[in-house]
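Q: my_file_34.txt (compact mmCIF, C-alpha atoms) pasted underneath:
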# COMPACT_ATOMS: atom_id res chain seq x y z
CA MET A 916 0.00 0.00 0.00
CA ARG A 917 0.99 3.59 -0.61
CA HIS A 918 0.26 6.18 2.07
CA LEU A 919 -0.72 9.36 0.24
CA THR A 920 -2.81 12.05 1.90
CA ASP A 921 -6.49 12.03 0.95
CA PRO A 922 -6.90 15.12 -1.30
CA VAL A 923 -10.62 15.33 -0.52
CA ALA A 924 -10.35 15.25 3.27
CA GLY A 925 -10.76 18.65 4.88
CA GLY A 926 -12.50 20.22 1.89
CA THR A 927 -16.14 20.57 0.82
CA VAL A 928 -17.59 17.56 -0.98
CA CYS A 929 -20.84 16.90 -2.84
CA TYR A 930 -21.73 13.24 -3.32
CA LEU A 931 -23.96 12.72 -6.37
CA SER A 932 -25.87 9.45 -6.43
CA LEU A 933 -26.95 9.60 -10.06
CA GLN A 934 -29.22 6.58 -10.19
CA ASN A 935 -30.47 3.68 -8.10
CA PRO A 936 -30.83 1.05 -10.85
CA CYS A 937 -27.59 -0.89 -10.72
CA ASN A 938 -25.70 -3.69 -12.44
CA ALA A 939 -25.18 -5.28 -9.01
CA SER A 940 -27.66 -6.57 -6.43
CA CYS A 941 -25.74 -6.25 -3.17
CA PRO A 942 -27.66 -8.00 -0.37
CA MET A 943 -26.92 -5.22 2.15
CA CYS A 944 -27.99 -2.38 -0.18
CA LEU A 945 -31.47 -0.90 -0.58
CA SER A 946 -30.80 1.41 -3.50
CA TRP A 947 -31.01 -1.06 -6.38
CA ARG A 948 -34.52 -2.02 -5.26
CA ASP A 949 -35.70 1.48 -6.19
CA ASN A 950 -35.85 2.94 -9.71
CA SER A 951 -35.10 6.60 -8.89
CA THR A 952 -32.83 8.43 -11.34
CA LEU A 953 -31.58 12.02 -11.34
CA GLN A 954 -32.08 14.30 -14.33
CA GLY A 955 -28.91 15.62 -15.94
CA LEU A 956 -29.92 19.30 -16.23
CA PRO A 957 -30.69 19.93 -12.52
CA VAL A 958 -27.49 18.10 -11.59
CA ALA A 959 -25.42 20.28 -13.92
CA GLU A 960 -27.08 23.39 -12.46
CA LEU A 961 -26.20 22.20 -8.95
CA ILE A 962 -22.58 21.58 -9.94
CA ARG A 963 -22.30 25.09 -11.37
CA GLU A 964 -23.85 26.62 -8.26
CA LEU A 965 -21.46 24.68 -6.03
CA ALA A 966 -18.55 25.97 -8.11
CA ARG A 967 -19.83 29.54 -7.71
CA GLN A 968 -19.83 28.97 -3.96
CA HIS A 969 -16.28 27.57 -4.10
CA TRP A 970 -17.00 23.95 -3.21
CA ASP A 971 -14.02 21.71 -3.81
CA THR A 972 -15.04 18.21 -4.91
CA ILE A 973 -17.77 16.26 -6.69
CA MET A 974 -17.85 12.54 -5.85
CA PHE A 975 -19.91 10.50 -8.30
CA THR A 976 -21.67 7.39 -7.06
CA GLY A 977 -24.95 5.52 -7.33
CA GLY A 978 -26.07 2.57 -9.44
CA GLU A 979 -22.62 2.48 -10.95
CA PHE A 980 -22.37 6.07 -12.10
CA VAL A 981 -20.67 5.44 -15.47
CA THR A 982 -23.79 3.66 -16.75
CA PHE A 983 -25.87 6.81 -16.15
CA PRO A 984 -26.89 8.46 -19.45
CA GLY A 985 -25.00 11.75 -19.57
CA ALA A 986 -22.36 10.77 -17.02
CA ALA A 987 -19.54 11.78 -19.39
CA GLU A 988 -21.11 15.22 -19.90
CA LEU A 989 -21.46 15.81 -16.16
CA LEU A 990 -17.85 14.76 -15.58
CA ALA A 991 -16.80 17.24 -18.26
CA VAL A 992 -18.72 20.03 -16.52
CA VAL A 993 -16.88 19.35 -13.27
CA GLN A 994 -13.52 19.33 -15.03
CA GLU A 995 -14.33 22.51 -16.93
CA LEU A 996 -15.12 24.24 -13.63
CA ARG A 997 -11.78 23.04 -12.20
CA MET A 998 -13.39 21.18 -9.34
CA ASN A 999 -11.94 17.93 -8.01
CA ILE A 1000 -13.43 14.75 -9.51
CA GLY A 1001 -13.84 11.56 -7.54
CA PHE A 1002 -16.00 8.48 -7.79
CA ILE A 1003 -17.11 5.33 -6.03
CA THR A 1004 -17.27 2.21 -8.18
CA ASN A 1005 -18.10 -1.47 -7.89
CA GLY A 1006 -15.37 -2.06 -10.46
CA THR A 1007 -17.35 -1.32 -13.62
CA ALA A 1008 -15.71 2.10 -14.12
CA LEU A 1009 -12.29 0.43 -14.09
CA THR A 1010 -13.01 -1.92 -17.01
CA SER A 1011 -11.67 -1.42 -20.53
CA GLN A 1012 -15.02 -0.03 -21.70
CA TYR A 1013 -14.43 3.18 -19.72
CA ARG A 1014 -10.67 3.48 -20.05
CA ALA A 1015 -10.89 6.26 -22.64
CA LEU A 1016 -13.32 8.23 -20.50
CA LEU A 1017 -11.04 8.12 -17.45
CA ALA A 1018 -8.05 9.07 -19.58
CA ARG A 1019 -9.73 12.40 -20.46
CA LEU A 1020 -10.23 13.33 -16.81
CA GLN A 1021 -8.11 14.43 -13.90
CA ILE A 1022 -9.35 12.07 -11.19
CA ARG A 1023 -8.42 13.06 -7.65
CA LYS A 1024 -9.92 10.11 -5.74
CA VAL A 1025 -11.23 6.63 -6.54
CA ILE A 1026 -13.08 4.40 -4.08
CA LEU A 1027 -13.40 0.76 -5.10
CA SER A 1028 -15.82 -1.53 -3.28
CA ARG A 1029 -14.39 -4.97 -2.55
CA ASP A 1030 -15.77 -7.30 0.12
CA PHE A 1031 -13.71 -10.47 -0.41
CA PRO A 1032 -10.09 -10.98 -1.47
CA ASP A 1033 -11.18 -13.54 -4.06
CA ALA A 1034 -12.66 -11.81 -7.12
CA GLY A 1035 -15.06 -14.65 -7.84
CA GLN A 1036 -16.44 -14.75 -4.33
CA HIS A 1037 -16.87 -10.98 -4.33
CA ALA A 1038 -18.69 -11.08 -7.69
CA GLN A 1039 -20.99 -13.85 -6.51
CA TRP A 1040 -21.77 -11.98 -3.28
CA ARG A 1041 -22.62 -8.72 -5.04
CA GLN A 1042 -24.15 -10.44 -8.09
CA LEU A 1043 -21.72 -8.68 -10.41
CA PRO A 1044 -19.67 -9.79 -13.38
CA GLU A 1045 -16.28 -11.04 -12.24
CA PHE A 1046 -13.86 -8.24 -13.06
CA SER A 1047 -10.20 -9.03 -13.69
CA ASP A 1048 -7.93 -7.99 -10.81
CA ALA A 1049 -5.10 -7.62 -13.31
CA ASP A 1050 -7.16 -5.17 -15.38
CA ILE A 1051 -8.15 -3.25 -12.24
CA ARG A 1052 -4.48 -3.14 -11.24
CA ASP A 1053 -3.49 -1.70 -14.60
CA VAL A 1054 -6.13 1.05 -14.50
CA LEU A 1055 -5.49 1.96 -10.86
CA THR A 1056 -1.75 2.02 -11.48
CA ARG A 1057 -2.16 4.52 -14.33
CA LEU A 1058 -4.43 6.65 -12.18
CA ALA A 1059 -2.09 6.44 -9.21
CA ASP A 1060 0.86 7.45 -11.37
CA ASP A 1061 -1.10 10.61 -12.21
CA GLY A 1062 -1.64 11.36 -8.51
CA THR A 1063 -5.06 9.78 -7.92
CA TYR A 1064 -5.78 8.73 -4.34
CA VAL A 1065 -7.02 5.12 -4.23
CA GLN A 1066 -9.23 3.80 -1.46
CA VAL A 1067 -10.82 0.38 -1.04
CA ASN A 1068 -14.09 0.08 0.87
CA THR A 1069 -14.93 -3.28 2.42
CA VAL A 1070 -18.22 -4.10 4.11
CA LEU A 1071 -17.08 -5.84 7.28
CA MET A 1072 -19.32 -8.88 7.77
CA PRO A 1073 -19.35 -12.17 9.66
CA SER A 1074 -18.72 -13.92 6.34
CA ASN A 1075 -15.44 -12.11 5.58
CA ALA A 1076 -14.09 -11.63 9.11
CA ASP A 1077 -11.65 -14.53 8.76
CA ARG A 1078 -10.49 -13.48 5.27
CA LEU A 1079 -9.26 -9.96 6.00
CA ALA A 1080 -5.61 -11.00 6.25
CA ASP A 1081 -5.70 -12.09 2.60
CA PHE A 1082 -6.58 -8.68 1.13
CA PRO A 1083 -2.95 -7.51 0.74
CA ASP A 1084 -2.46 -10.43 -1.65
CA VAL A 1085 -4.93 -8.94 -4.16
CA GLU A 1086 -3.09 -7.88 -7.34
CA PHE A 1087 -4.01 -4.20 -7.19
CA TRP A 1088 -3.22 -3.76 -3.47
CA PRO A 1089 0.21 -2.09 -3.93
CA VAL A 1090 -1.46 1.05 -5.32
CA VAL A 1091 -4.08 1.34 -2.55
CA ASP A 1092 -3.68 4.31 -0.19
CA ALA A 1093 -6.34 3.49 2.40
CA TRP A 1094 -8.59 0.60 3.36
CA HIS A 1095 -11.96 1.58 4.75
CA LEU A 1096 -13.87 -1.16 6.61
CA ILE A 1097 -17.56 -0.54 7.20
CA PRO A 1098 -19.39 -2.85 9.63
CA VAL A 1099 -22.52 -4.23 8.02
CA LYS A 1100 -25.92 -3.18 9.36
CA GLY A 1101 -29.33 -4.79 9.38
CA PRO A 1102 -30.13 -8.52 9.27
CA ILE A 1103 -26.64 -9.55 8.15
CA ALA A 1104 -25.16 -8.03 11.32
CA ARG A 1105 -27.06 -10.56 13.41
CA GLY A 1106 -24.48 -13.14 12.40
CA TRP A 1107 -21.73 -11.48 14.46
CA SER A 1108 -20.36 -13.34 17.47
CA ASP A 1109 -17.57 -12.58 19.92
CA ALA A 1110 -15.45 -15.22 18.20
CA LEU A 1111 -15.92 -13.75 14.72
CA ARG A 1112 -15.30 -10.21 15.89
CA ALA A 1113 -12.12 -11.36 17.66
CA ALA A 1114 -11.02 -13.09 14.45
CA ALA A 1115 -11.46 -9.85 12.52
CA ARG A 1116 -9.45 -7.94 15.10
CA ARG A 1117 -6.63 -10.48 15.06
CA ALA A 1118 -6.46 -10.36 11.27
CA LEU A 1119 -6.29 -6.58 11.21
CA ASP A 1120 -3.76 -6.45 14.03
CA SER A 1121 -1.56 -8.91 12.14
CA LEU A 1122 -1.56 -6.58 9.14
CA ARG A 1123 -0.45 -3.56 11.14
CA VAL A 1124 3.04 -4.92 11.49
CA ASN A 1125 3.43 -4.54 7.72
CA GLY A 1126 2.53 -0.85 7.82
CA LEU A 1127 -1.02 -1.30 6.59
CA THR A 1128 -3.32 1.62 7.32
CA TYR A 1129 -6.99 0.98 7.88
CA PHE A 1130 -9.89 2.46 9.74
CA VAL A 1131 -13.15 0.98 10.89
CA VAL A 1132 -16.41 2.87 10.78
CA GLY A 1133 -18.80 2.37 13.66
CA PRO A 1134 -17.99 3.80 17.06
CA SER A 1135 -16.31 1.21 19.26
CA PHE A 1136 -17.08 -1.68 16.93
CA PHE A 1137 -14.49 -3.87 18.61
CA HIS A 1138 -15.45 -2.83 22.14
CA ALA A 1139 -19.24 -2.45 22.20
CA PRO A 1140 -21.35 -5.29 23.63
CA ILE A 1141 -21.82 -7.90 20.93
CA GLU A 1142 -25.60 -7.59 21.34
CA ASP A 1143 -25.35 -3.96 20.20
CA VAL A 1144 -23.17 -4.88 17.22
CA ARG A 1145 -25.65 -7.59 16.20
CA ALA A 1146 -28.51 -5.09 16.48
CA SER A 1147 -26.65 -2.27 14.68
CA ARG A 1148 -27.15 -0.09 17.76
CA PRO A 1149 -23.73 1.40 18.57
CA THR A 1150 -24.17 4.27 16.15
CA GLU A 1151 -27.38 5.44 17.81
CA GLN A 1152 -25.67 5.59 21.18
CA ALA A 1153 -22.59 7.31 19.82
CA VAL A 1154 -24.29 10.19 18.03
CA ARG A 1155 -27.01 11.06 20.49
CA GLY A 1156 -26.41 14.59 21.78
CA ARG A 1157 -23.24 15.14 19.74
CA THR A 1158 -22.46 17.85 17.22
CA CYS A 1159 -21.88 16.68 13.66
CA GLN A 1160 -18.93 18.19 11.81
CA VAL A 1161 -19.54 16.18 8.66
CA GLU A 1162 -22.63 18.06 7.53
CA ARG A 1163 -20.63 21.29 7.60
CA SER A 1164 -18.36 20.09 4.82
CA GLN A 1165 -20.53 17.89 2.60
CA ILE A 1166 -23.90 17.26 1.03
CA TYR A 1167 -25.31 14.10 -0.48
CA VAL A 1168 -27.79 14.13 -3.37
CA ASP A 1169 -29.70 10.89 -3.61
CA ALA A 1170 -31.18 9.56 -6.83
CA SER A 1171 -34.64 10.92 -6.00
CA GLY A 1172 -33.20 14.46 -5.89
CA GLU A 1173 -33.20 14.90 -2.11
CA VAL A 1174 -30.24 16.99 -0.93
CA LEU A 1175 -29.09 15.64 2.43
CA PRO A 1176 -26.55 16.63 5.09
CA CYS A 1177 -24.39 13.59 4.33
CA ASN A 1178 -24.42 10.11 2.80
CA SER A 1179 -25.12 8.29 6.07
CA ILE A 1180 -28.77 9.15 6.64
CA ALA A 1181 -31.22 6.33 7.25
CA TRP A 1182 -33.31 5.59 4.15
CA GLU A 1183 -36.63 6.27 5.86
CA CYS A 1184 -35.48 9.66 7.26
CA ARG A 1185 -34.15 11.24 4.06
CA LYS A 1186 -37.10 13.52 3.38
CA THR A 1187 -37.23 14.54 7.04
CA VAL A 1188 -33.74 15.98 7.39
CA GLY A 1189 -33.01 17.16 3.83
CA PHE A 1190 -32.66 20.71 2.49
CA GLY A 1191 -34.87 20.35 -0.58
CA ASN A 1192 -35.25 18.41 -3.80
CA LEU A 1193 -33.44 19.22 -7.05
CA ASN A 1194 -36.52 18.28 -9.05
CA ASN A 1195 -38.56 21.18 -7.71
CA THR A 1196 -36.16 23.63 -6.03
CA ALA A 1197 -33.35 25.75 -7.46
CA PRO A 1198 -29.87 24.74 -6.27
CA ALA A 1199 -29.18 28.23 -4.91
CA ASP A 1200 -32.32 28.01 -2.74
CA ILE A 1201 -31.36 24.56 -1.49
CA LEU A 1202 -27.88 25.74 -0.49
CA ARG A 1203 -29.41 28.80 1.19
CA ARG A 1204 -31.68 26.53 3.24
CA ARG A 1205 -28.65 24.45 4.15
CA ALA A 1206 -26.73 27.50 5.38
CA LEU A 1207 -29.69 28.56 7.52
CA ALA A 1208 -30.13 25.05 8.91
CA LEU A 1209 -26.47 24.76 9.89
CA ALA A 1210 -26.63 28.16 11.57
CA THR A 1211 -29.48 26.91 13.76
CA ASN A 1212 -27.90 23.60 14.85
CA HIS A 1213 -29.58 21.51 12.17
CA ASN A 1214 -30.86 18.11 13.28
CA ALA A 1215 -29.50 18.39 16.82
CA ALA A 1216 -31.33 15.15 17.68
CA ARG A 1217 -29.30 13.37 14.94
CA VAL A 1218 -32.46 11.92 13.38
CA GLY A 1219 -31.54 9.21 10.88
CA CYS A 1220 -27.81 9.47 11.60
CA HIS A 1221 -25.80 6.33 10.87
CA ALA A 1222 -22.56 7.70 12.34
CA CYS A 1223 -20.23 7.90 9.36
CA ASP A 1224 -16.50 7.65 9.90
CA PRO A 1225 -15.56 11.35 10.24
CA LEU A 1226 -18.23 11.89 12.90
CA ASN A 1227 -16.59 12.21 16.30
CA MET A 1228 -13.56 10.39 14.99
CA LEU A 1229 -12.03 10.05 18.44
CA HIS A 1230 -14.91 7.77 19.40
CA ASN A 1231 -14.32 5.46 16.45
CA ASP A 1232 -11.77 2.71 16.18
CA ILE A 1233 -8.76 4.01 14.27
CA VAL A 1234 -5.68 1.91 13.76
CA SER A 1235 -2.70 3.01 11.71
CA GLY A 1236 0.50 1.27 10.88
CA GLN A 1237 2.18 4.57 10.05
With the file now loaded, output its structure as structure tokens.
A:
Amino acid sequence: MRHLTDPVAGGTVCYLSLQNPCNASCPMCLSWRDNSTLQGLPVAELIRELARQHWDTIMFTGGEFVTFPGAAELLAVVQELRMNIGFITNGTALTSQYRALLARLQIRKVILSRDFPDAGQHAQWRQLPEFSDADIRDVLTRLADDGTYVQVNTVLMPSNADRLADFPDVEFWPVVDAWHLIPVKGPIARGWSDALRAAARRALDSLRVNGLTYFVVGPSFFHAPIEDVRASRPTEQAVRGRTCQVERSQIYVDASGEVLPCNSIAWECRKTVGFGNLNNTAPADILRRRALALATNHNAARVGCHACDPLNMLHNDIVSGQ
């Protein structure tokens, strides 16, 4: 692994989830079960308004963003406005079909989702085509040589807890800058046991001696009562009564057009805590509502908060081999 500094951290970031229809059917994801899709024109207007207000980065995500009609045009708008470009991909964007598109862009950050070291097992789990690790390595290497920050996101689950030590053997691992492990929520989390959690901790601790940097989302994942981990409750306890710094530096636009404080809001609460919808409200008005909300301690009760990793970072488990 390399150890570059995340170029997006510390700046203002807009996550754009362009569409929910997806070429994967991840068991832990709700998005692909919904057909919502953003319209290109309102998104372009939002990007231009964010640029006028000196936002730094646009992170593309959602339903595998490169399959969104007009994705190339939106990427061009961001580049023309000299904003940072980043994206989250299930691997599709790193295939040969999109190599020419990426070559035209200055990509600042790439996040690749990968839940198992074995490509076939990962593809079967997410119901994706099996992408070639060698091809992914080649694309990420070219991007990394141009200064792109590379992050891998892994959903930490009972089924991969004993396989974590094998990730550094993946072909593209030498160009990875950070490994982000996200404890699974919902029904799948009920499979956690003390033994499995201990196995995950041992695997990660064994990797530290080789200088591997990683961080685990979910306050006190390794220390909370196992009953809370199984019930996905630690985040509720951790955020109650705390001030969120994340919403002051980012927004998340979901595929239905709702503009939210961040990308870790519970599905059922999105319309409750949002700032407006791109489909019926001008971007300047939405950002004005956001500024007013933040000035009045927006969502002090942390309704719908899933406790993303930057939130109260000192209360999360952070381990670094650096």
Q: Measuring atom to atom with only C-alpha atoms, identify which of A:Arg1023, A:Ala1049, A:Thr1069, A:Leu965 is nearest to Asn1005 (chain A).
A: A:Thr1069
Q: Find the residues near Glu995 (chain A): any atom within 12 Å, counting all atoms listed in the file, skip ones fewer than 6 places away on the same chain, and give them as a ChimeraX atom specification.
A: /A:959,962-963,966,988-989,1019-1021
Q: For Gln1165 (chain A), which of A:Asp1030, A:Asp1092, A:Asp1143, A:Asp971 is the closest residue, counting all atoms listed in the file?
A: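 Checking each candidate against Gln1165 (chain A), we get A:Asp971 as the closest.
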Q: Report as an mmCIF file with C-alpha atoms, keeping the file's coordinate frame all protein, DNA and RNA residues lying within 7 Å of Ile1003 (chain A), evaluated on only C-alpha atoms, omitting residues in the same chain fewer than 5 positions from it.
A:
data_model
loop_
_atom_site.group_PDB
_atom_site.id
_atom_site.type_symbol
_atom_site.label_atom_id
_atom_site.label_comp_id
_atom_site.auth_asym_id
_atom_site.auth_seq_id
_atom_site.Cartn_x
_atom_site.Cartn_y
_atom_site.Cartn_z
ATOM 1 C CA PHE A 975 -19.910 10.500 -8.300
ATOM 2 C CA THR A 976 -21.670 7.390 -7.060
ATOM 3 C CA VAL A 1025 -11.230 6.630 -6.540
ATOM 4 C CA ILE A 1026 -13.080 4.400 -4.080
ATOM 5 C CA LEU A 1027 -13.400 0.760 -5.100
#
Q: Would you mind reading off the distance between CA of Gly925 (chain A) and CA of Glu1162 (chain A), one decimal, in Å?
A: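 Here the two named atoms are 12.2 Å from each other.
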Q: For the atom pair CA of Ser1179 (chain A) and CA of Met998 (chain A), what is the interatomic distance in Å to one decimal place?
A: 23.3 Å
Q: I'd like the interatomic distance between CA of Leu1096 (chain A) and CA of Asp1081 (chain A), to a tenth of an Å.
A: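 So the answer is 14.2 Å.
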Q: For Asn999 (chain A), list every protein, DNA or RNA residue within 12 Å, evaluated using only C-alpha atoms, and leave out those in the same chain fewer than 3 positions away; present the list as a PyMOL selection string.
A: chain A and resi 922-924+926-930+962+965-966+969-975+990-996+1002+1020-1025+1063-1064
Q: Go ahead and write the residues just picked, C-alpha atoms, as a CSV table (one decimal), keeping the file's coordinate frame.
A:
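For reference, out03.csv as written:
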chain,number,residue,atom,x,y,z
A,922,PRO,CA,-6.9,15.1,-1.3
A,923,VAL,CA,-10.6,15.3,-0.5
A,924,ALA,CA,-10.4,15.2,3.3
A,926,GLY,CA,-12.5,20.2,1.9
A,927,THR,CA,-16.1,20.6,0.8
A,928,VAL,CA,-17.6,17.6,-1.0
A,929,CYS,CA,-20.8,16.9,-2.8
A,930,TYR,CA,-21.7,13.2,-3.3
A,962,ILE,CA,-22.6,21.6,-9.9
A,965,LEU,CA,-21.5,24.7,-6.0
A,966,ALA,CA,-18.6,26.0,-8.1
A,969,HIS,CA,-16.3,27.6,-4.1
A,970,TRP,CA,-17.0,24.0,-3.2
A,971,ASP,CA,-14.0,21.7,-3.8
A,972,THR,CA,-15.0,18.2,-4.9
A,973,ILE,CA,-17.8,16.3,-6.7
A,974,MET,CA,-17.8,12.5,-5.8
A,975,PHE,CA,-19.9,10.5,-8.3
A,990,LEU,CA,-17.8,14.8,-15.6
A,991,ALA,CA,-16.8,17.2,-18.3
A,992,VAL,CA,-18.7,20.0,-16.5
A,993,VAL,CA,-16.9,19.4,-13.3
A,994,GLN,CA,-13.5,19.3,-15.0
A,995,GLU,CA,-14.3,22.5,-16.9
A,996,LEU,CA,-15.1,24.2,-13.6
A,1002,PHE,CA,-16.0,8.5,-7.8
A,1020,LEU,CA,-10.2,13.3,-16.8
A,1021,GLN,CA,-8.1,14.4,-13.9
A,1022,ILE,CA,-9.4,12.1,-11.2
A,1023,ARG,CA,-8.4,13.1,-7.6
A,1024,LYS,CA,-9.9,10.1,-5.7
A,1025,VAL,CA,-11.2,6.6,-6.5
A,1063,THR,CA,-5.1,9.8,-7.9
A,1064,TYR,CA,-5.8,8.7,-4.3
Q: Pull out region 1017-1025 of chain A, keep all heavy atoms, and write it as an mmCIF file, in the first residue's frame.
A:
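Resulting contents of result-v4.cif:
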data_model
loop_
_atom_site.group_PDB
_atom_site.id
_atom_site.type_symbol
_atom_site.label_atom_id
_atom_site.label_comp_id
_atom_site.auth_asym_id
_atom_site.auth_seq_id
_atom_site.Cartn_x
_atom_site.Cartn_y
_atom_site.Cartn_z
ATOM 1 N N LEU A 1017 -11.889 7.760 -18.588
ATOM 2 C CA LEU A 1017 -11.045 8.118 -17.454
ATOM 3 C C LEU A 1017 -9.783 8.836 -17.907
ATOM 4 O O LEU A 1017 -9.275 9.718 -17.211
ATOM 5 C CB LEU A 1017 -10.681 6.865 -16.650
ATOM 6 C CG LEU A 1017 -11.836 6.090 -16.008
ATOM 7 C CD1 LEU A 1017 -11.287 5.001 -15.095
ATOM 8 C CD2 LEU A 1017 -12.781 7.007 -15.235
ATOM 9 N N ALA A 1018 -9.290 8.459 -19.078
ATOM 10 C CA ALA A 1018 -8.052 9.067 -19.577
ATOM 11 C C ALA A 1018 -8.224 10.552 -19.875
ATOM 12 O O ALA A 1018 -7.244 11.308 -19.871
ATOM 13 C CB ALA A 1018 -7.581 8.330 -20.826
ATOM 14 N N ARG A 1019 -9.473 10.985 -20.147
ATOM 15 C CA ARG A 1019 -9.726 12.398 -20.457
ATOM 16 C C ARG A 1019 -9.862 13.253 -19.205
ATOM 17 O O ARG A 1019 -9.952 14.479 -19.296
ATOM 18 C CB ARG A 1019 -11.012 12.526 -21.288
ATOM 19 C CG ARG A 1019 -10.960 11.863 -22.646
ATOM 20 C CD ARG A 1019 -12.083 12.379 -23.533
ATOM 21 N NE ARG A 1019 -13.404 12.111 -23.002
ATOM 22 C CZ ARG A 1019 -14.132 11.039 -23.285
ATOM 23 N NH1 ARG A 1019 -13.629 10.110 -24.098
ATOM 24 N NH2 ARG A 1019 -15.346 10.875 -22.785
ATOM 25 N N LEU A 1020 -9.905 12.623 -18.041
ATOM 26 C CA LEU A 1020 -10.228 13.333 -16.811
ATOM 27 C C LEU A 1020 -9.051 13.375 -15.847
ATOM 28 O O LEU A 1020 -8.164 12.526 -15.898
ATOM 29 C CB LEU A 1020 -11.408 12.649 -16.122
ATOM 30 C CG LEU A 1020 -12.697 12.531 -16.935
ATOM 31 C CD1 LEU A 1020 -13.667 11.593 -16.233
ATOM 32 C CD2 LEU A 1020 -13.333 13.900 -17.151
ATOM 33 N N GLN A 1021 -9.069 14.357 -14.988
ATOM 34 C CA GLN A 1021 -8.110 14.434 -13.898
ATOM 35 C C GLN A 1021 -8.831 13.955 -12.628
ATOM 36 O O GLN A 1021 -9.542 14.720 -11.973
ATOM 37 C CB GLN A 1021 -7.586 15.854 -13.730
ATOM 38 C CG GLN A 1021 -6.756 16.330 -14.914
ATOM 39 C CD GLN A 1021 -6.279 17.761 -14.760
ATOM 40 O OE1 GLN A 1021 -6.960 18.599 -14.197
ATOM 41 N NE2 GLN A 1021 -5.095 18.035 -15.285
ATOM 42 N N ILE A 1022 -8.649 12.694 -12.314
ATOM 43 C CA ILE A 1022 -9.349 12.071 -11.189
ATOM 44 C C ILE A 1022 -8.521 12.265 -9.912
ATOM 45 O O ILE A 1022 -7.351 11.896 -9.866
ATOM 46 C CB ILE A 1022 -9.559 10.561 -11.438
ATOM 47 C CG1 ILE A 1022 -10.212 10.323 -12.808
ATOM 48 C CG2 ILE A 1022 -10.395 9.957 -10.309
ATOM 49 C CD1 ILE A 1022 -11.597 10.861 -12.925
ATOM 50 N N ARG A 1023 -9.138 12.817 -8.895
ATOM 51 C CA ARG A 1023 -8.423 13.057 -7.645
ATOM 52 C C ARG A 1023 -8.563 11.897 -6.660
ATOM 53 O O ARG A 1023 -7.666 11.644 -5.869
ATOM 54 C CB ARG A 1023 -8.942 14.346 -6.984
ATOM 55 C CG ARG A 1023 -8.667 15.590 -7.772
ATOM 56 C CD ARG A 1023 -7.182 15.931 -7.756
ATOM 57 N NE ARG A 1023 -6.787 16.496 -6.471
ATOM 58 C CZ ARG A 1023 -5.565 16.456 -5.974
ATOM 59 N NH1 ARG A 1023 -4.619 15.824 -6.630
ATOM 60 N NH2 ARG A 1023 -5.277 17.022 -4.815
ATOM 61 N N LYS A 1024 -9.714 11.189 -6.713
ATOM 62 C CA LYS A 1024 -9.921 10.108 -5.743
ATOM 63 C C LYS A 1024 -10.813 9.033 -6.344
ATOM 64 O O LYS A 1024 -11.822 9.339 -6.989
ATOM 65 C CB LYS A 1024 -10.558 10.657 -4.455
ATOM 66 C CG LYS A 1024 -10.773 9.600 -3.367
ATOM 67 C CD LYS A 1024 -11.276 10.240 -2.070
ATOM 68 C CE LYS A 1024 -11.434 9.198 -0.962
ATOM 69 N NZ LYS A 1024 -11.856 9.811 0.316
ATOM 70 N N VAL A 1025 -10.429 7.777 -6.132
ATOM 71 C CA VAL A 1025 -11.234 6.630 -6.540
ATOM 72 C C VAL A 1025 -11.474 5.756 -5.313
ATOM 73 O O VAL A 1025 -10.549 5.468 -4.554
ATOM 74 C CB VAL A 1025 -10.515 5.797 -7.616
ATOM 75 C CG1 VAL A 1025 -11.249 4.482 -7.872
ATOM 76 C CG2 VAL A 1025 -10.407 6.581 -8.916
#
